[in-house]
Structure formats: C-alpha cells, structure tokens
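Read through the structure below, which is laid out as structure tokens, and then see the notes.
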2 protein chains.
Amino acid sequence: MLDPRKLHLLRELARRGTIAAVAEAVTFTPSAVSQQLSALEREAGVRLLERTGRTVSLTPAGHLLVEHAHTVLEQLERASAALAAARGGPSGPIRIGAFPTAARVLLPPALAGLTGAHPGLVPMVSEIDPADVSAALRAGELDVALVHEYDFVPPVTDASIETEPLFAEAMYLTGRPSVAAARDDAWITNKPGTLCHTMAIRACQAAGFEPDVRHHVDDFDTVLAFAAAGQGVAIVPRLAATAPPPGVTLTRLPLGRRTLAAFRRGNGEHPAIRAAVTAFRDAVPRLPLR
Amino acid sequence: MLDPRKLHLLRELARRGTIAAVAEAVTFTPSAVSQQLSALEREAGVRLLERTGRTVSLTPAGHLLVEHAHTVLEQLERASAALAAARGGPSGPIRIGAFPTAARVLLPPALAGLTGAHPGLVPMVSEIDPADVSAALRAGELDVALVHEYDFVPPVTDASIETEPLFAEAMYLTGRPSVAAARDDAWITNKPGTLCHTMAIRACQAAGFEPDVRHHVDDFDTVLAFAAAGQGVAIVPRLAATAPPPGVTLTRLPLGRRTLAAFRRGNGEHPAIRAAVTAFRDAVPRLPLR
DNA sequence: TTCCAGCTTAAGCTTGTCTTATGCTCGACC
DNA sequence: GGTCGAGCATAAGACAAGCTTAAGCTGGAA
C-alpha cells in the first residue's frame, strides 16, 4: 500500500523543486527525504525522479502520482476533520496565520468572538505574508490563515489549499491624485517578496513607469508617517488608512484587494476551522471599511 | 496523519465483527490488530470501539471513520492503478477468482485471449464461491473475480467493491416442467453457504414449499449425473447444461442469473484488470448461451 | 460452576525510519 | 579551467514502530 507520508514528500518536492527544500519544510534531513522518495520509487515500480543538473525533477509518472497524492491527502484531511467533529465542539489549539494589517484590525474582535463562543479553543496567531501561507498550511504549521489577493497580482493557486472570501476593500494613494501623477516621486513599498510590494510595482507598471522605490517598510502606520514627513508616496489599503496622520491626503484608486480565509483542502469541515472562519466573518461588519 | 493501514483494519472490523476474524483475514495475530486499533483510537482522540459482551463493536465515530476509510483506500487504489498504467502495458501476476462453472467454461478462452494479447501477464486462478469474493478482494488475495447474482438473492453490496456485468443466462430445472411440480421430489443442491444453494432454496420457497434436499453437490456435471440416475431434481444454469446426459429433460425457468466481473473500487483502471475484464467480455460470445 | 472464545497487556525481537558522516557531481565564479 | 559550494546519494548507527509469543482477564454457553 502506498504510504501517504511519502506521497506528501513527493508533493512537496513537486512544489519546492529540491530535496533540500522539502527537508527544510518538514524538518527532516535531506538524507531522510532522499531515502523516503527512493523507497516510494521502489514501491511504485517506475522512475518518479530524475537528476537534472544539480537538482532533481519529476518524471511524467511522478507528476501523475502527485495528482493522486493531492486527492489522497485531501481525503485523509477530511477524515481527520470528521474525527475532530466527532470529538465534539471546537476545542484545542488552532494555529492562525494573518498578514500584519489583519492581525491588527480584524483579529482582535475575531479572536474575542471566537474564544467567547468556544472557550475550549486556544488560538495561536503568527504574522505571515500571504505569499508564504500555502507552504505553511501544507506543512501543518498553520491550520487557517488570513490572506489577501490584489488586482493585477494573480493569486497563488494551490490544489491543496482552499479559500473562502471575507471582504474586499479599496486601495488609496498618498499625496497624489493618481498613480501616474506620482511617476517622479520617491516610493515607499513593503519589503520585496511580499504581495503588497508586488502590487505596488504592478500598479506603477500599469501606469506606465517603474517606481523609484526608496523605502521598504512593512508597517503601514510607519509608511503613512514617512509619507507625512514628505519621504515619498505609497499605496495603502483602506484598513491601514483609518486615521491618516495630518498632512497626508488619500486618493481612492480603482484598485482593490480581497481578504480571504485559507485552509488545507478537505479541512473546511473541521469544527475549529469552521468556527474560526465564522468568527472572521462575524468581525467583518465592525471593520472601518468606508 | 491517519495511517491507511489502520483504517483498513478498522474497515475490516466493521465488516467482520471480531478482531480475531480481522486478524485471520490479514494473517496477523489478534494481538497485532488490537494494538493497531488501539493506536488508531489514540490518534483519533475518540472512542472508536466498545466492548459489547465478548466481542467489540464500533461506536458512531467508528462508523463515521469507516466511511472515510472507504474513500481514502479507494483513492490509494486509484493511485496504485495509475502507477501500474505508468509502468506500461499490463504485465505481472494477476490473481483471478472464479466460480467453478466460469472457471470451466469462460476462463479457458478468456485466459488464452488474455495471455495472447499481453504476454507479460501471468494470470493465477483460484476457484472461489461468489459469497467469499468481496472478502478475498479486500484482503488483496485476489485482483479480479467472476461472480454471479441470482434473481431472489440480493447481491452482496460492498462499498469497496465494484462490478461490471458480463452476461446473463437462464436457469433450467431437471425432470419436471415447473418448480412447483417438484414439490415432493428429492433435491440436489450445491453446498450450504454458496449462492447457488441459497438460490435453489429461495426458488422453492417462492413456489410455496421447502425443498427436501437430499444431496449437496457443487459440480453441476455430477448434479446432472445424479439427476440422470433418478436421485432427484436440481436447478442448473444454462452454462452448466450444454450437454445434459441422456434421460435428463431440462425446462427453462423464469429465473436468471447474471455473471459479473468484480474488483476493488478504484482499481478498475489498472491495466491488468482492464485487460482481464476485456478478455472476459471478448470470450462471452463464444459461450453456448442458447 | 466450568469452559472457551475473544480481547488486552507485557515482553522481546524484527523492521523501518531518521540522523550523522562521507562521497559524488554539477554549476558558478574567479 | 580550476576551485568551491550546493545538492543528492549511500553507509552505518540509534531509535521507534510494529509484530509475535505468552499470559491474563472477561463474558456467555453448557
């Protein structure tokens, strides 16, 4: 019988590309991953991996097996969720990932509602950029996460991750009446590698120029303080601009972002996940979205 | 992560009712099965089994998990089948179960066609009564089997077994023009526990009497020889009555049986299974069915 | 009450799996 | 083009998981 643990490793390899990266993700040594995948290959009776230069890649049979791995692991996830439901109401630890703005604005009321409704739940929050969420979910480091996706930035689709939309908000530009008018300004963006950074670059490119990025700041309050101090312009989401400092004008852009809850496919009926998503949704009307 | 091997044991327990029977089916000791199920229960965090008298039964949570076990194991079966397909055309051993008449009449041409088309295949045949087939398939002792089902006898439905119909045939009564006319005769049936035996009893009951069963004989040639010797009447399928001995009259009954191919759910796309079922189907037109 | 079937637990051994250590190969970089 | 490092594979050893044997417990039938 095929071992789902090995299938999980193969699936991670398909996504991450190197055995070393897989090992790091599952906190094994590369040696262990290599041995497990060799064993899987032996059981499969087909070559699944092939050395390509310094790294390994999947054969067609390997990719085929990854597809099946998705469904197998999803079914196992469903079974676990059903067991959790059989254990009774939501209880135990639930690891929540959230991007910083959500952690600041949405989570406080949501967590209050969550633990109020289900005293047995022990939420554990980690700030995490949406770009890293699916990996953390698959690795089992998180159970549910708040992510966002921007216009212009294609959402990371992952066959093993499921999302539920929560709310949408508009984006605002500081200092200038339009992105095009900020062509020659210094720009303040989030750190490279974050979705917000990509969004700002793409918005400028859509307006026909490459931004002159001078500052990389993740915290939007700091961003706005920089803007107030005349250090540049920035694009900020509505939620991060509820109380802009004096002197900062905000112009609504024809650009939005959507916030979603993400979790492992098949885990959506887990009572703790269900309760968390419900709590997120219940907290949305309290947000200063206009 | 839930272990599919343990899920398999739980599923077998749901069907067989005792740990001892499960152990016998998987050729473990009862101790091993007990330990595995205890471990599963520990991981699940819910009671799955409860002692009821001298045996164990499943809790509602246990039954719930069995449902999920079906889908998980089916997906794993699909993955294995896909790998077998990736390995190339049908090859290797394929264990075939067949009821005696099928083994005698259908299998010779089917096996010839099968090995002719796929020289790499090594068919291994075991005679087996349809009543025992699903257990043997689930236990992995067989890959595909020929079974039949009768009118009056509800087919054994098993969520983990899939069937494909092959052909239907009529049943014939020896010596008398109708079952009702044989009320006071001695009867020759197959051995108790077989589907054919059940069928004969039910047919008599439908005609309003309990048969006086004097002989239990599985081989239909022997049955017909007994009938020719005046030792009783019997109901035989068309395939078993292609050359009745002199003096035996056969009356077609308004009663049929259907022959099907059975295999583990999810395994239908396995190239060896596919090839075998195709070979069975191709051999059907050569059967003396009228 | 006795007996036996069925389940569980304990102890020991085998097997599998992970880590450490080592060697190999490919690609980048000077 | 030689050197270096990243990445993978293999060997050997430590540890855990799983199976068997052995023994004990419980409930139903005789």
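Ordering of the structure tokens sets the chain letters (A, B, ...); residue numbers start at 1 within each chain; ligands are numbered from 1 in the order shown.
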**OP:** Apply DSSP to the structure's backbone, then extract all residues of region 119-218 of chain B labelled alpha helix (DSSP H) and return them as a list in words.
**Re:**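 So, restricting region 119-218 of chain B to alpha helix (DSSP H), we get Pro130, Ala131, Asp132, Val133, Ser134, Ala135, Ala136, Leu137, Arg138, Leu195, Cys196, His197, Thr198, Met199, Ala200, Ile201, Arg202, Ala203, Cys204, Gln205 and Ala206 of chain B.
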**OP:** Excluding region 15-21 of chain C and residues on its chain fewer than 3 positions from it, collect all residues at most 8 Å away from it, counting only C-alpha atoms (C1' of nucleotides), and give them as a list in words.
**Re:**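 Neighbouring residues, sequence-local ones excluded: Phe28, Thr29 and Ala32 of chain A; DA17 and DG18 of chain D.
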Residues from the last selection, all heavy atoms, saved as a PDB file, in the first residue's frame:
```
ATOM      1  N   PHE A  28      13.157  17.538   8.354  1.00  0.00           N
ATOM      2  CA  PHE A  28      13.941  16.315   8.288  1.00  0.00           C
ATOM      3  C   PHE A  28      15.309  16.701   7.748  1.00  0.00           C
ATOM      4  O   PHE A  28      15.537  17.852   7.375  1.00  0.00           O
ATOM      5  CB  PHE A  28      13.313  15.306   7.316  1.00  0.00           C
ATOM      6  CG  PHE A  28      12.139  14.569   7.869  1.00  0.00           C
ATOM      7  CD1 PHE A  28      11.405  13.710   7.060  1.00  0.00           C
ATOM      8  CD2 PHE A  28      11.743  14.727   9.192  1.00  0.00           C
ATOM      9  CE1 PHE A  28      10.310  13.033   7.564  1.00  0.00           C
ATOM     10  CE2 PHE A  28      10.650  14.048   9.694  1.00  0.00           C
ATOM     11  CZ  PHE A  28       9.930  13.207   8.872  1.00  0.00           C
ATOM     12  N   THR A  29      16.188  15.730   7.680  1.00  0.00           N
ATOM     13  CA  THR A  29      17.428  15.938   6.943  1.00  0.00           C
ATOM     14  C   THR A  29      17.175  15.583   5.474  1.00  0.00           C
ATOM     15  O   THR A  29      16.292  14.781   5.176  1.00  0.00           O
ATOM     16  CB  THR A  29      18.536  15.031   7.488  1.00  0.00           C
ATOM     17  OG1 THR A  29      18.116  13.678   7.373  1.00  0.00           O
ATOM     18  CG2 THR A  29      18.843  15.362   8.931  1.00  0.00           C
ATOM     19  N   ALA A  32      17.006  11.869   4.844  1.00  0.00           N
ATOM     20  CA  ALA A  32      15.770  11.152   5.130  1.00  0.00           C
ATOM     21  C   ALA A  32      14.790  11.297   3.971  1.00  0.00           C
ATOM     22  O   ALA A  32      14.169  10.319   3.536  1.00  0.00           O
ATOM     23  CB  ALA A  32      15.143  11.688   6.420  1.00  0.00           C
TER      24      ALA A  32
ATOM     25  P    DA D  17       7.181   5.733  17.930  1.00  0.00           P
ATOM     26  OP1  DA D  17       6.468   6.997  17.729  1.00  0.00           O
ATOM     27  OP2  DA D  17       7.216   5.088  19.251  1.00  0.00           O
ATOM     28  O5'  DA D  17       6.641   4.681  16.860  1.00  0.00           O
ATOM     29  C5'  DA D  17       7.072   4.784  15.509  1.00  0.00           C
ATOM     30  C4'  DA D  17       6.761   3.502  14.760  1.00  0.00           C
ATOM     31  O4'  DA D  17       7.800   2.527  15.041  1.00  0.00           O
ATOM     32  C3'  DA D  17       5.443   2.850  15.161  1.00  0.00           C
ATOM     33  O3'  DA D  17       4.784   2.409  13.992  1.00  0.00           O
ATOM     34  C2'  DA D  17       5.865   1.708  16.073  1.00  0.00           C
ATOM     35  C1'  DA D  17       7.203   1.324  15.461  1.00  0.00           C
ATOM     36  N9   DA D  17       8.139   0.686  16.392  1.00  0.00           N
ATOM     37  C8   DA D  17       8.441   1.096  17.661  1.00  0.00           C
ATOM     38  N7   DA D  17       9.328   0.337  18.258  1.00  0.00           N
ATOM     39  C5   DA D  17       9.623  -0.625  17.314  1.00  0.00           C
ATOM     40  C6   DA D  17      10.497  -1.733  17.330  1.00  0.00           C
ATOM     41  N6   DA D  17      11.266  -2.057  18.377  1.00  0.00           N
ATOM     42  N1   DA D  17      10.550  -2.496  16.220  1.00  0.00           N
ATOM     43  C2   DA D  17       9.779  -2.176  15.169  1.00  0.00           C
ATOM     44  N3   DA D  17       8.928  -1.163  15.041  1.00  0.00           N
ATOM     45  C4   DA D  17       8.893  -0.423  16.156  1.00  0.00           C
ATOM     46  P    DG D  18       3.352   1.748  14.094  1.00  0.00           P
ATOM     47  OP1  DG D  18       2.577   2.209  12.937  1.00  0.00           O
ATOM     48  OP2  DG D  18       2.839   1.938  15.475  1.00  0.00           O
ATOM     49  O5'  DG D  18       3.656   0.200  13.889  1.00  0.00           O
ATOM     50  C5'  DG D  18       4.444  -0.222  12.781  1.00  0.00           C
ATOM     51  C4'  DG D  18       4.610  -1.733  12.841  1.00  0.00           C
ATOM     52  O4'  DG D  18       5.615  -2.056  13.827  1.00  0.00           O
ATOM     53  C3'  DG D  18       3.344  -2.478  13.277  1.00  0.00           C
ATOM     54  O3'  DG D  18       3.251  -3.696  12.564  1.00  0.00           O
ATOM     55  C2'  DG D  18       3.581  -2.723  14.746  1.00  0.00           C
ATOM     56  C1'  DG D  18       5.078  -2.986  14.737  1.00  0.00           C
ATOM     57  N9   DG D  18       5.718  -2.788  16.025  1.00  0.00           N
ATOM     58  C8   DG D  18       5.434  -1.826  16.958  1.00  0.00           C
ATOM     59  N7   DG D  18       6.187  -1.911  18.031  1.00  0.00           N
ATOM     60  C5   DG D  18       7.021  -2.995  17.780  1.00  0.00           C
ATOM     61  C6   DG D  18       8.042  -3.577  18.570  1.00  0.00           C
ATOM     62  O6   DG D  18       8.436  -3.237  19.685  1.00  0.00           O
ATOM     63  N1   DG D  18       8.631  -4.661  17.922  1.00  0.00           N
ATOM     64  C2   DG D  18       8.284  -5.128  16.682  1.00  0.00           C
ATOM     65  N2   DG D  18       8.951  -6.169  16.230  1.00  0.00           N
ATOM     66  N3   DG D  18       7.325  -4.591  15.936  1.00  0.00           N
ATOM     67  C4   DG D  18       6.745  -3.546  16.544  1.00  0.00           C
TER      68       DG D  18
END
```
Subject >> Long-range neighbours of DA30 (chain D) as an NGL selection string, 10 Å cut-off, only C-alpha atoms (C1' of nucleotides), 2 positions minimum in chain >> reply: (:C and (2-3)) or (:D and (28))
**OP:** Pick out the chain B residues within 8 Å of chain C. Count only C-alpha atoms (C1' of nucleotides). Give them as a PyMOL selection string.
**Re:** chain B and resi 19-20+31+34+54-55
I need the chosen residues saved as a PDB file, in the first residue's frame, with all heavy atoms.
```
ATOM      1  N   ILE B  19     -12.220  -8.906  16.169  1.00  0.00           N
ATOM      2  CA  ILE B  19     -10.799  -8.675  15.935  1.00  0.00           C
ATOM      3  C   ILE B  19     -10.118  -9.955  15.470  1.00  0.00           C
ATOM      4  O   ILE B  19      -9.237  -9.933  14.605  1.00  0.00           O
ATOM      5  CB  ILE B  19     -10.151  -8.138  17.225  1.00  0.00           C
ATOM      6  CG1 ILE B  19     -10.623  -6.693  17.441  1.00  0.00           C
ATOM      7  CG2 ILE B  19      -8.641  -8.218  17.162  1.00  0.00           C
ATOM      8  CD1 ILE B  19     -10.000  -6.022  18.625  1.00  0.00           C
ATOM      9  N   ALA B  20     -10.566 -11.081  16.023  1.00  0.00           N
ATOM     10  CA  ALA B  20      -9.974 -12.358  15.626  1.00  0.00           C
ATOM     11  C   ALA B  20     -10.191 -12.604  14.138  1.00  0.00           C
ATOM     12  O   ALA B  20      -9.269 -13.053  13.429  1.00  0.00           O
ATOM     13  CB  ALA B  20     -10.583 -13.489  16.453  1.00  0.00           C
ATOM     14  N   SER B  31      -3.540 -10.007  18.540  1.00  0.00           N
ATOM     15  CA  SER B  31      -2.840  -9.020  19.345  1.00  0.00           C
ATOM     16  C   SER B  31      -2.409  -7.820  18.503  1.00  0.00           C
ATOM     17  O   SER B  31      -2.583  -6.669  18.902  1.00  0.00           O
ATOM     18  CB  SER B  31      -1.626  -9.667  20.008  1.00  0.00           C
ATOM     19  OG  SER B  31      -0.847  -8.704  20.644  1.00  0.00           O
ATOM     20  N   SER B  34      -5.391  -5.729  17.594  1.00  0.00           N
ATOM     21  CA  SER B  34      -5.848  -4.989  18.772  1.00  0.00           C
ATOM     22  C   SER B  34      -4.959  -3.784  19.037  1.00  0.00           C
ATOM     23  O   SER B  34      -5.446  -2.679  19.293  1.00  0.00           O
ATOM     24  CB  SER B  34      -5.861  -5.925  19.980  1.00  0.00           C
ATOM     25  OG  SER B  34      -6.176  -5.208  21.146  1.00  0.00           O
ATOM     26  N   ARG B  54     -18.710 -10.311  24.537  1.00  0.00           N
ATOM     27  CA  ARG B  54     -17.413 -10.936  24.346  1.00  0.00           C
ATOM     28  C   ARG B  54     -16.708 -10.371  23.126  1.00  0.00           C
ATOM     29  O   ARG B  54     -15.571 -10.688  22.865  1.00  0.00           O
ATOM     30  CB  ARG B  54     -17.613 -12.452  24.207  1.00  0.00           C
ATOM     31  CG  ARG B  54     -16.394 -13.248  24.461  1.00  0.00           C
ATOM     32  CD  ARG B  54     -16.763 -14.690  24.758  1.00  0.00           C
ATOM     33  NE  ARG B  54     -17.775 -15.232  23.841  1.00  0.00           N
ATOM     34  CZ  ARG B  54     -18.148 -16.507  23.863  1.00  0.00           C
ATOM     35  NH1 ARG B  54     -17.642 -17.318  24.753  1.00  0.00           N
ATOM     36  NH2 ARG B  54     -19.057 -16.948  23.026  1.00  0.00           N
ATOM     37  N   THR B  55     -17.382  -9.546  22.367  1.00  0.00           N
ATOM     38  CA  THR B  55     -16.783  -9.024  21.140  1.00  0.00           C
ATOM     39  C   THR B  55     -16.739  -7.494  21.180  1.00  0.00           C
ATOM     40  O   THR B  55     -17.099  -6.881  22.181  1.00  0.00           O
ATOM     41  CB  THR B  55     -17.549  -9.536  19.900  1.00  0.00           C
ATOM     42  OG1 THR B  55     -17.661  -8.496  18.950  1.00  0.00           O
ATOM     43  CG2 THR B  55     -18.919 -10.014  20.270  1.00  0.00           C
TER      44      THR B  55
END
```
**OP:** Report as a ChimeraX atom specification: the residues of region 38-263 of chain B with a DSSP assignment of strand (DSSP E or B), based on the backbone of this structure.
**Re:** /B:49-52,55-58,92-98,121-127,144-150,161-174,186-189,212-216,233,235-237,250-263
Per residue of chain A within 9 Å of chain B, record the nearest atom pair and its distance in Å to one decimal, counting only C-alpha atoms, with rows in chain order and ascending residue number, as JSON lines.
```
{"residue": "A:Met1", "atom": "CA", "partner": "B:Leu76", "partner_atom": "CA", "distance": 7.5}
{"residue": "A:Leu2", "atom": "CA", "partner": "B:Leu76", "partner_atom": "CA", "distance": 6.7}
{"residue": "A:Asp3", "atom": "CA", "partner": "B:Pro4", "partner_atom": "CA", "distance": 7.9}
{"residue": "A:Pro4", "atom": "CA", "partner": "B:Asp3", "partner_atom": "CA", "distance": 7.9}
{"residue": "A:Arg5", "atom": "CA", "partner": "B:Met1", "partner_atom": "CA", "distance": 7.9}
{"residue": "A:Ala44", "atom": "CA", "partner": "B:Leu83", "partner_atom": "CA", "distance": 6.3}
{"residue": "A:Gly45", "atom": "CA", "partner": "B:Arg87", "partner_atom": "CA", "distance": 6.9}
{"residue": "A:Val46", "atom": "CA", "partner": "B:Arg87", "partner_atom": "CA", "distance": 5.8}
{"residue": "A:Arg47", "atom": "CA", "partner": "B:Arg87", "partner_atom": "CA", "distance": 8.9}
{"residue": "A:Pro60", "atom": "CA", "partner": "B:Ala86", "partner_atom": "CA", "distance": 8.6}
{"residue": "A:Ala61", "atom": "CA", "partner": "B:Ala86", "partner_atom": "CA", "distance": 6.0}
{"residue": "A:Leu64", "atom": "CA", "partner": "B:Ala82", "partner_atom": "CA", "distance": 7.6}
{"residue": "A:Leu65", "atom": "CA", "partner": "B:Ala79", "partner_atom": "CA", "distance": 6.6}
{"residue": "A:Glu67", "atom": "CA", "partner": "B:Ala79", "partner_atom": "CA", "distance": 8.8}
{"residue": "A:His68", "atom": "CA", "partner": "B:Ala79", "partner_atom": "CA", "distance": 5.5}
{"residue": "A:Ala69", "atom": "CA", "partner": "B:Ala79", "partner_atom": "CA", "distance": 7.6}
{"residue": "A:Thr71", "atom": "CA", "partner": "B:Gln75", "partner_atom": "CA", "distance": 6.9}
{"residue": "A:Val72", "atom": "CA", "partner": "B:Gln75", "partner_atom": "CA", "distance": 5.6}
{"residue": "A:Leu73", "atom": "CA", "partner": "B:Val72", "partner_atom": "CA", "distance": 8.3}
{"residue": "A:Glu74", "atom": "CA", "partner": "B:Val72", "partner_atom": "CA", "distance": 8.8}
{"residue": "A:Gln75", "atom": "CA", "partner": "B:Val72", "partner_atom": "CA", "distance": 5.6}
{"residue": "A:Leu76", "atom": "CA", "partner": "B:Val72", "partner_atom": "CA", "distance": 6.4}
{"residue": "A:Glu77", "atom": "CA", "partner": "B:Met1", "partner_atom": "CA", "distance": 8.2}
{"residue": "A:Arg78", "atom": "CA", "partner": "B:His68", "partner_atom": "CA", "distance": 7.6}
{"residue": "A:Ala79", "atom": "CA", "partner": "B:His68", "partner_atom": "CA", "distance": 5.5}
{"residue": "A:Ser80", "atom": "CA", "partner": "B:Leu2", "partner_atom": "CA", "distance": 7.3}
{"residue": "A:Ala82", "atom": "CA", "partner": "B:Leu65", "partner_atom": "CA", "distance": 7.5}
{"residue": "A:Leu83", "atom": "CA", "partner": "B:Ala44", "partner_atom": "CA", "distance": 6.3}
{"residue": "A:Ala84", "atom": "CA", "partner": "B:Ala44", "partner_atom": "CA", "distance": 7.9}
{"residue": "A:Ala86", "atom": "CA", "partner": "B:Ala61", "partner_atom": "CA", "distance": 5.9}
{"residue": "A:Arg87", "atom": "CA", "partner": "B:Val46", "partner_atom": "CA", "distance": 5.8}
```
Original post:
Counting only C-alpha atoms (C1' of nucleotides), which residues of chain D come no farther than 12 Å from chain B, as number ranges by chain?
Top reply: D: 17-22, 25-29
**OP:** Find the spatial neighbours of region 129-143 of chain A, counting only C-alpha atoms (C1' of nucleotides), within a cut-off of 6 Å - ignore same-chain residues fewer than 6 positions away - and output them as a PyMOL selection string.
**Re:** chain A and resi 95-96+99
